[in-house]
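This is coords37.tsv. It holds TSV, C-alpha atoms.
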```
chain	number	residue	atom	x	y	z
T	4	MET	CA	6.55	-7.26	-17.87
T	5	GLU	CA	4.98	-3.89	-18.73
T	6	LYS	CA	1.89	-4.75	-16.66
T	7	ILE	CA	4.08	-5.67	-13.69
T	8	LEU	CA	5.94	-2.34	-13.95
T	9	ASN	CA	2.64	-0.43	-14.06
T	10	THR	CA	1.45	-2.25	-10.96
T	11	ILE	CA	4.71	-1.59	-9.11
T	12	GLN	CA	4.54	2.10	-10.00
T	13	LYS	CA	1.03	2.33	-8.45
T	14	ILE	CA	2.33	1.19	-5.07
T	15	PRO	CA	3.20	4.28	-3.00
T	16	GLU	CA	6.82	4.94	-2.09
T	17	GLY	CA	7.57	4.00	1.51
T	18	TYR	CA	5.17	2.04	3.69
T	19	SER	CA	1.55	1.23	2.88
T	20	GLU	CA	-0.96	-1.48	3.68
T	21	GLY	CA	-3.15	-3.67	1.56
T	22	LYS	CA	-5.01	-6.98	1.37
T	23	TYR	CA	-4.01	-10.13	-0.45
T	24	GLU	CA	-5.93	-13.41	-0.15
T	25	ASN	CA	-8.05	-11.91	2.67
T	26	GLN	CA	-5.00	-11.10	4.77
T	27	LYS	CA	-3.59	-7.68	5.57
T	28	TYR	CA	0.00	-6.94	4.47
T	29	GLY	CA	2.44	-4.19	5.27
T	30	VAL	CA	4.14	-3.21	1.99
T	31	THR	CA	7.38	-1.26	1.70
T	32	LYS	CA	8.54	0.09	-1.67
T	33	LYS	CA	11.84	1.78	-2.38
T	34	SER	CA	12.77	3.27	-5.76
T	35	PHE	CA	16.33	3.65	-7.01
T	36	ASN	CA	18.20	5.03	-10.04
T	37	ASP	CA	15.61	7.63	-11.07
T	38	ASN	CA	12.80	5.05	-10.84
T	39	ARG	CA	14.63	2.51	-12.99
T	40	SER	CA	14.77	-0.09	-10.21
T	41	TYR	CA	12.47	-1.00	-7.35
T	42	LYS	CA	12.56	-3.10	-4.21
T	43	ILE	CA	9.33	-4.31	-2.65
T	44	TYR	CA	8.95	-6.21	0.59
T	45	ALA	CA	5.51	-7.18	1.89
T	46	LYS	CA	4.84	-8.99	5.17
T	47	ALA	CA	1.57	-10.48	6.34
T	48	LEU	CA	0.47	-8.60	9.45
T	49	GLY	CA	-0.25	-11.23	12.07
T	50	GLY	CA	1.17	-14.03	9.93
T	51	ASN	CA	4.38	-15.50	8.58
T	52	ASP	CA	3.94	-15.00	4.83
T	53	PHE	CA	6.00	-12.45	2.93
T	54	VAL	CA	6.73	-11.37	-0.63
T	55	SER	CA	10.06	-9.90	-1.67
T	56	LEU	CA	11.22	-8.75	-5.09
T	57	ASN	CA	13.44	-6.46	-7.09
T	58	TYR	CA	12.46	-5.06	-10.48
T	59	TYR	CA	14.93	-3.53	-12.93
T	60	CYS	CA	14.14	-1.45	-16.00
T	61	THR	CA	16.78	-2.16	-18.61
T	62	SER	CA	17.20	-0.65	-22.07
T	63	SER	CA	15.61	-3.73	-23.65
T	64	ALA	CA	13.03	-4.94	-21.10
T	65	GLY	CA	11.95	-5.15	-17.49
T	66	VAL	CA	13.53	-7.80	-15.29
T	67	LEU	CA	11.66	-9.22	-12.30
T	68	LYS	CA	13.86	-10.83	-9.65
T	69	PRO	CA	11.91	-12.53	-6.85
T	70	CYS	CA	13.88	-13.03	-3.64
T	71	GLU	CA	13.90	-16.71	-2.65
T	72	MET	CA	10.39	-17.48	-3.90
T	73	PRO	CA	8.69	-18.52	-7.13
T	74	GLU	CA	8.08	-15.80	-9.71
T	75	GLU	CA	4.44	-16.96	-9.93
T	76	LYS	CA	3.85	-16.06	-6.27
T	77	VAL	CA	5.26	-12.55	-6.78
T	78	ILE	CA	3.20	-11.95	-9.93
T	79	ASP	CA	0.02	-13.22	-8.26
T	80	PHE	CA	0.65	-10.95	-5.27
T	81	LEU	CA	1.20	-7.88	-7.48
T	82	ASN	CA	-1.88	-8.67	-9.58
T	83	HIS	CA	-4.20	-9.17	-6.61
T	84	LEU	CA	-2.92	-6.78	-3.94
T	85	GLU	CA	-5.65	-4.32	-2.94
T	86	LEU	CA	-4.05	-1.22	-1.46
T	87	GLU	CA	-5.89	0.58	1.31
```

Could you render the structure from this file as C-alpha cells?
Amino acid sequence: MEKILNTIQKIPEGYSEGKYENQKYGVTKKSFNDNRSYKIYAKALGGNDFVSLNYYCTSSAGVLKPCEMPEEKVIDFLNHLELE
C-alpha cells in the first residue's frame, strides 16, 4: 500500500485533470486529518466512467477503501493516471 499512498500524495489537492485509458478525467482530491486520510473522486469528462476511493493511514498500515467498485479498478487507475 506504500506505492498507492505515494501515488495519492502526488495528486494535487483540489481539482486537476489527467488521462487514463486515452480518456480525460477530472480528478478531485481532498486531504483530511493532517494528511492521514484522503478522498479521491475522478470522473471521465464526456463519459460515464468514474473512480471513487478513500485511503486511510493507520498506525499499522494503509487502508484503501474503494467506493462501490473493485479494488483492482482503483489501483489500475492510480497506477496509470497521467496528470496534466

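Here the question is which of T:Ile14, T:Glu5, T:Glu24, T:Val66 gets nearest to T:Asp79 using only C-alpha atoms, and that residue is T:Glu24.
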
Give me, as JSON, numbers by chain, all polymer residues having an atom no more than 12 Å from T:Ile78, counting only C-alpha atoms and skipping those fewer than 2 positions away in the same chain. {"T": [4, 6, 7, 8, 10, 11, 54, 55, 56, 57, 58, 67, 68, 69, 72, 73, 74, 75, 76, 80, 81, 82, 83, 84]}

Residues within 7 Å of T:Glu85, please, as a list in words. Count all atoms listed in the file; anything in the same chain fewer than 3 positions from it doesn't count. Gly21, Lys22 and Tyr23 of chain T

Calculate how many Å separate atom CA of T:Thr61 from atom CA of T:Glu20, rounding to one decimal. 28.5 Å

Put a box with edges along x, y and z around all the listed atoms of stretch 59-70 of chain T, pad it by 5 Å on each side, then give me its centre and sizes in Å, one decimal, as lines of an AutoDock Vina configuration file.
```
center_x = 14.4
center_y = -6.8
center_z = -13.6
size_x = 15.5
size_y = 22.4
size_z = 30.0
```

Your completed stretch 59-78 of chain T with N, CA and C atoms, as a PDB file, in the coordinates of the input:
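Written output follows (out_0.pdb):
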```pdb
ATOM      1  N   TYR T  59      13.963  -4.393 -12.251  1.00  0.00           N
ATOM      2  CA  TYR T  59      14.930  -3.530 -12.930  1.00  0.00           C
ATOM      3  C   TYR T  59      14.425  -3.176 -14.320  1.00  0.00           C
ATOM      4  N   CYS T  60      14.468  -1.913 -14.655  1.00  0.00           N
ATOM      5  CA  CYS T  60      14.140  -1.450 -16.000  1.00  0.00           C
ATOM      6  C   CYS T  60      15.449  -1.350 -16.781  1.00  0.00           C
ATOM      7  N   THR T  61      15.586  -2.194 -17.783  1.00  0.00           N
ATOM      8  CA  THR T  61      16.780  -2.160 -18.610  1.00  0.00           C
ATOM      9  C   THR T  61      16.443  -1.505 -19.944  1.00  0.00           C
ATOM     10  N   SER T  62      17.443  -1.289 -20.771  1.00  0.00           N
ATOM     11  CA  SER T  62      17.200  -0.650 -22.070  1.00  0.00           C
ATOM     12  C   SER T  62      16.359  -1.528 -22.988  1.00  0.00           C
ATOM     13  N   SER T  63      16.354  -2.838 -22.759  1.00  0.00           N
ATOM     14  CA  SER T  63      15.610  -3.730 -23.650  1.00  0.00           C
ATOM     15  C   SER T  63      14.310  -4.249 -23.045  1.00  0.00           C
ATOM     16  N   ALA T  64      14.240  -4.375 -21.712  1.00  0.00           N
ATOM     17  CA  ALA T  64      13.030  -4.940 -21.100  1.00  0.00           C
ATOM     18  C   ALA T  64      13.092  -4.766 -19.588  1.00  0.00           C
ATOM     19  N   GLY T  65      11.985  -5.115 -18.933  1.00  0.00           N
ATOM     20  CA  GLY T  65      11.950  -5.150 -17.490  1.00  0.00           C
ATOM     21  C   GLY T  65      12.376  -6.519 -17.002  1.00  0.00           C
ATOM     22  N   VAL T  66      13.061  -6.539 -15.853  1.00  0.00           N
ATOM     23  CA  VAL T  66      13.530  -7.800 -15.290  1.00  0.00           C
ATOM     24  C   VAL T  66      13.005  -7.912 -13.863  1.00  0.00           C
ATOM     25  N   LEU T  67      12.206  -8.941 -13.616  1.00  0.00           N
ATOM     26  CA  LEU T  67      11.660  -9.220 -12.300  1.00  0.00           C
ATOM     27  C   LEU T  67      12.552 -10.245 -11.615  1.00  0.00           C
ATOM     28  N   LYS T  68      13.000  -9.927 -10.408  1.00  0.00           N
ATOM     29  CA  LYS T  68      13.860 -10.830  -9.650  1.00  0.00           C
ATOM     30  C   LYS T  68      13.219 -11.090  -8.279  1.00  0.00           C
ATOM     31  N   PRO T  69      12.442 -12.163  -8.170  1.00  0.00           N
ATOM     32  CA  PRO T  69      11.910 -12.530  -6.850  1.00  0.00           C
ATOM     33  C   PRO T  69      13.041 -12.924  -5.914  1.00  0.00           C
ATOM     34  N   CYS T  70      12.861 -12.684  -4.633  1.00  0.00           N
ATOM     35  CA  CYS T  70      13.880 -13.030  -3.640  1.00  0.00           C
ATOM     36  C   CYS T  70      13.459 -14.312  -2.919  1.00  0.00           C
ATOM     37  N   GLU T  71      14.080 -15.417  -3.290  1.00  0.00           N
ATOM     38  CA  GLU T  71      13.900 -16.710  -2.650  1.00  0.00           C
ATOM     39  C   GLU T  71      12.458 -17.196  -2.638  1.00  0.00           C
ATOM     40  N   MET T  72      11.753 -16.983  -3.746  1.00  0.00           N
ATOM     41  CA  MET T  72      10.390 -17.480  -3.900  1.00  0.00           C
ATOM     42  C   MET T  72      10.064 -17.592  -5.370  1.00  0.00           C
ATOM     43  N   PRO T  73       9.048 -18.366  -5.717  1.00  0.00           N
ATOM     44  CA  PRO T  73       8.690 -18.520  -7.130  1.00  0.00           C
ATOM     45  C   PRO T  73       8.185 -17.204  -7.742  1.00  0.00           C
ATOM     46  N   GLU T  74       8.539 -16.987  -8.984  1.00  0.00           N
ATOM     47  CA  GLU T  74       8.080 -15.800  -9.710  1.00  0.00           C
ATOM     48  C   GLU T  74       6.552 -15.751  -9.759  1.00  0.00           C
ATOM     49  N   GLU T  75       5.899 -16.908  -9.862  1.00  0.00           N
ATOM     50  CA  GLU T  75       4.440 -16.960  -9.930  1.00  0.00           C
ATOM     51  C   GLU T  75       3.796 -16.356  -8.687  1.00  0.00           C
ATOM     52  N   LYS T  76       4.392 -16.608  -7.516  1.00  0.00           N
ATOM     53  CA  LYS T  76       3.850 -16.060  -6.270  1.00  0.00           C
ATOM     54  C   LYS T  76       3.942 -14.539  -6.281  1.00  0.00           C
ATOM     55  N   VAL T  77       5.058 -14.007  -6.736  1.00  0.00           N
ATOM     56  CA  VAL T  77       5.260 -12.550  -6.780  1.00  0.00           C
ATOM     57  C   VAL T  77       4.269 -11.914  -7.754  1.00  0.00           C
ATOM     58  N   ILE T  78       4.129 -12.494  -8.917  1.00  0.00           N
ATOM     59  CA  ILE T  78       3.200 -11.950  -9.930  1.00  0.00           C
ATOM     60  C   ILE T  78       1.772 -12.002  -9.420  1.00  0.00           C
TER      61      ILE T  78
END
```
